[in-house]
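Trainee: Input: one structure, supplied below.
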Amino acid sequence: MAVRDDCIFCKIANHVIESNYVYEDDLVCAFRDMSPLAPTHVLVVPKQHHETIVDDVPAETLAAMVHAVDEVAKAEGIEASGFRVVSNAGADAGQAVPHLHFHVLGGHRLGDDFA
Ligand code: AMP
Ligand code: ZN
């Protein structure tokens with residue numbers, strides 16, 4: 001998988017378009033969702049393009065995404081209070097951006113639905 005020039009999250013993850021970053025390493029970055037549904041709503045994305053969590057994502061990349069969730073939770077001060085990680089895949093999940101991302105949600109008592 002490569003970086004796609006027609007993909008908004010490829011552009012943000014590779015600084016073609018700048019965003020509000022919370023964490024970054026060689027494989028992934030985390031930035032604030034533009035329409036937050038909770039006090040903390042951060043998206044963790046791989047720098048390489050994968051459409052969903054089951055789109056041949058290397059184990060190293062998945063591990064980096066989980067590490068990034070931990071870094072985001074610490075940086076946002078929600079590690080102890082709790083948080084939710086969601087990854088929508090496909091139409092029935094309502095995936096709007098077809099580039100793998102984890103939503104990291106927290107900072108208030110989350111509801112039974114998404115946030
Ligand atoms: P999903 O429905 O799981 O594909 O979620 C896509 C998320 O990306 C939504 O929560 C949007 O608010 C968010 N989003 C879309 N475009 C951007 C952007 N340019 N910067 C930050 N967040 C974005
Ligand atoms: Zn992409």
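How things are named: the first chain in the structure tokens is A, the next is B, and so on; residues count from 1 in each chain; ligands count from 1 in the order shown.
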Tell me, as a VMD selection string, which residues lie within 7 Å of stretch 34-48 of chain A, counting only C-alpha atoms; anything in the same chain fewer than 4 positions away does not count.

Mentor: chain A and resid 1 to 3 10 13 to 14 27 to 30 61 65 68 100 to 108 115

Trainee: How about saving the chosen residues, C-alpha atoms kept, as a short mmCIF file (atom, residue, chain, number, x, y, z; two decimals), in the first residue's frame?

Mentor:
```
data_model
loop_
_atom_site.label_atom_id
_atom_site.label_comp_id
_atom_site.auth_asym_id
_atom_site.auth_seq_id
_atom_site.Cartn_x
_atom_site.Cartn_y
_atom_site.Cartn_z
CA MET A 1 0.00 0.00 0.00
CA ALA A 2 1.19 3.48 -0.73
CA VAL A 3 0.30 7.07 -0.04
CA CYS A 10 -2.98 10.26 3.45
CA ALA A 13 -0.72 11.83 7.84
CA ASN A 14 2.12 12.85 5.51
CA LEU A 27 4.35 4.75 10.93
CA VAL A 28 1.33 6.63 12.27
CA CYS A 29 0.03 9.95 13.41
CA ALA A 30 -2.83 11.18 15.57
CA THR A 61 1.53 -0.82 11.73
CA MET A 65 -1.58 2.35 16.07
CA ALA A 68 -0.37 5.76 19.48
CA LEU A 100 -8.11 3.24 8.20
CA HIS A 101 -8.53 5.24 11.39
CA PHE A 102 -9.15 4.66 15.07
CA HIS A 103 -11.41 7.15 16.80
CA VAL A 104 -10.12 7.72 20.35
CA LEU A 105 -12.97 9.16 22.43
CA GLY A 106 -12.98 10.23 26.04
CA GLY A 107 -13.10 13.06 28.53
CA HIS A 108 -16.70 12.53 29.60
CA ALA A 115 -19.69 8.88 21.87
#
```

Trainee: Return as a PyMOL selection string the residues of protein, DNA or RNA that approach ligand 2 to within 6 Å, with only C-alpha atoms and all ligand atoms taken into account.

Mentor: chain A and resi 4+7+9-10+49+99

Trainee: What does the list of residues within 6 Å of ligand 1 look like if you count only C-alpha atoms and all ligand atoms, written as a ChimeraX atom specification?

Mentor: /A:32-35,88,94-97

Trainee: Return as a PyMOL selection string the full set of residues in chain A whose backbone-based DSSP assignment is alpha helix (DSSP H).

Mentor: chain A and resi 8-13+59-76

Trainee: Keeping only N, CA and C atoms, write those residues as a PDB file, in the first residue's frame.

Mentor:
```pdb
ATOM      1  N   ILE A   8      -7.684  12.259   1.766  1.00  0.00           N
ATOM      2  CA  ILE A   8      -7.485  13.330   2.740  1.00  0.00           C
ATOM      3  C   ILE A   8      -6.625  12.875   3.921  1.00  0.00           C
ATOM      4  N   PHE A   9      -6.820  11.644   4.399  1.00  0.00           N
ATOM      5  CA  PHE A   9      -6.038  11.209   5.557  1.00  0.00           C
ATOM      6  C   PHE A   9      -4.603  10.861   5.164  1.00  0.00           C
ATOM      7  N   CYS A  10      -4.365  10.393   3.935  1.00  0.00           N
ATOM      8  CA  CYS A  10      -2.983  10.255   3.452  1.00  0.00           C
ATOM      9  C   CYS A  10      -2.294  11.620   3.466  1.00  0.00           C
ATOM     10  N   LYS A  11      -3.017  12.636   3.039  1.00  0.00           N
ATOM     11  CA  LYS A  11      -2.436  13.983   2.981  1.00  0.00           C
ATOM     12  C   LYS A  11      -2.126  14.510   4.376  1.00  0.00           C
ATOM     13  N   ILE A  12      -3.046  14.321   5.312  1.00  0.00           N
ATOM     14  CA  ILE A  12      -2.810  14.803   6.680  1.00  0.00           C
ATOM     15  C   ILE A  12      -1.687  14.007   7.336  1.00  0.00           C
ATOM     16  N   ALA A  13      -1.712  12.687   7.165  1.00  0.00           N
ATOM     17  CA  ALA A  13      -0.715  11.830   7.836  1.00  0.00           C
ATOM     18  C   ALA A  13       0.695  12.106   7.335  1.00  0.00           C
ATOM     19  N   ALA A  59       1.416  -6.078  10.758  1.00  0.00           N
ATOM     20  CA  ALA A  59       1.327  -6.172  12.216  1.00  0.00           C
ATOM     21  C   ALA A  59       2.073  -5.021  12.886  1.00  0.00           C
ATOM     22  N   GLU A  60       3.182  -4.617  12.300  1.00  0.00           N
ATOM     23  CA  GLU A  60       3.971  -3.504  12.851  1.00  0.00           C
ATOM     24  C   GLU A  60       3.159  -2.204  12.856  1.00  0.00           C
ATOM     25  N   THR A  61       2.365  -2.020  11.818  1.00  0.00           N
ATOM     26  CA  THR A  61       1.526  -0.818  11.735  1.00  0.00           C
ATOM     27  C   THR A  61       0.390  -0.871  12.753  1.00  0.00           C
ATOM     28  N   LEU A  62      -0.236  -2.041  12.893  1.00  0.00           N
ATOM     29  CA  LEU A  62      -1.302  -2.175  13.887  1.00  0.00           C
ATOM     30  C   LEU A  62      -0.749  -1.946  15.295  1.00  0.00           C
ATOM     31  N   ALA A  63       0.438  -2.483  15.558  1.00  0.00           N
ATOM     32  CA  ALA A  63       1.059  -2.265  16.872  1.00  0.00           C
ATOM     33  C   ALA A  63       1.345  -0.784  17.091  1.00  0.00           C
ATOM     34  N   ALA A  64       1.797  -0.104  16.046  1.00  0.00           N
ATOM     35  CA  ALA A  64       2.085   1.330  16.155  1.00  0.00           C
ATOM     36  C   ALA A  64       0.795   2.116  16.418  1.00  0.00           C
ATOM     37  N   MET A  65      -0.306   1.672  15.825  1.00  0.00           N
ATOM     38  CA  MET A  65      -1.578   2.355  16.070  1.00  0.00           C
ATOM     39  C   MET A  65      -2.014   2.192  17.526  1.00  0.00           C
ATOM     40  N   VAL A  66      -1.839   0.979  18.067  1.00  0.00           N
ATOM     41  CA  VAL A  66      -2.196   0.759  19.473  1.00  0.00           C
ATOM     42  C   VAL A  66      -1.278   1.576  20.385  1.00  0.00           C
ATOM     43  N   HIS A  67       0.003   1.619  20.057  1.00  0.00           N
ATOM     44  CA  HIS A  67       0.931   2.450  20.835  1.00  0.00           C
ATOM     45  C   HIS A  67       0.501   3.918  20.788  1.00  0.00           C
ATOM     46  N   ALA A  68       0.075   4.368  19.621  1.00  0.00           N
ATOM     47  CA  ALA A  68      -0.367   5.763  19.482  1.00  0.00           C
ATOM     48  C   ALA A  68      -1.602   6.031  20.343  1.00  0.00           C
ATOM     49  N   VAL A  69      -2.519   5.058  20.427  1.00  0.00           N
ATOM     50  CA  VAL A  69      -3.688   5.222  21.305  1.00  0.00           C
ATOM     51  C   VAL A  69      -3.225   5.459  22.742  1.00  0.00           C
ATOM     52  N   ASP A  70      -2.250   4.692  23.176  1.00  0.00           N
ATOM     53  CA  ASP A  70      -1.718   4.848  24.538  1.00  0.00           C
ATOM     54  C   ASP A  70      -1.111   6.240  24.722  1.00  0.00           C
ATOM     55  N   GLU A  71      -0.336   6.675  23.738  1.00  0.00           N
ATOM     56  CA  GLU A  71       0.288   8.001  23.813  1.00  0.00           C
ATOM     57  C   GLU A  71      -0.772   9.107  23.847  1.00  0.00           C
ATOM     58  N   VAL A  72      -1.816   8.953  23.046  1.00  0.00           N
ATOM     59  CA  VAL A  72      -2.892   9.951  23.014  1.00  0.00           C
ATOM     60  C   VAL A  72      -3.606   9.978  24.366  1.00  0.00           C
ATOM     61  N   ALA A  73      -3.925   8.795  24.895  1.00  0.00           N
ATOM     62  CA  ALA A  73      -4.626   8.730  26.184  1.00  0.00           C
ATOM     63  C   ALA A  73      -3.812   9.403  27.281  1.00  0.00           C
ATOM     64  N   LYS A  74      -2.509   9.174  27.278  1.00  0.00           N
ATOM     65  CA  LYS A  74      -1.642   9.827  28.279  1.00  0.00           C
ATOM     66  C   LYS A  74      -1.615  11.336  28.061  1.00  0.00           C
ATOM     67  N   ALA A  75      -1.408  11.750  26.818  1.00  0.00           N
ATOM     68  CA  ALA A  75      -1.285  13.185  26.518  1.00  0.00           C
ATOM     69  C   ALA A  75      -2.576  13.936  26.833  1.00  0.00           C
ATOM     70  N   GLU A  76      -3.714  13.262  26.657  1.00  0.00           N
ATOM     71  CA  GLU A  76      -5.015  13.895  26.882  1.00  0.00           C
ATOM     72  C   GLU A  76      -5.494  13.747  28.320  1.00  0.00           C
TER      73      GLU A  76
END
```

Trainee: Mind listing the strand (DSSP E or B) residues of chain A, per DSSP on the backbone, as a ChimeraX atom specification?

Mentor: /A:21-24,28-32,40-46,83-86,102-106

Trainee: Would you compute the distance between atom CA of A:Ala93 and atom CA of A:Glu51? Give it in Å to one decimal.

Mentor: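 Answer for the atom CA of A:Ala93 to atom CA of A:Glu51 separation: 13.3 Å.
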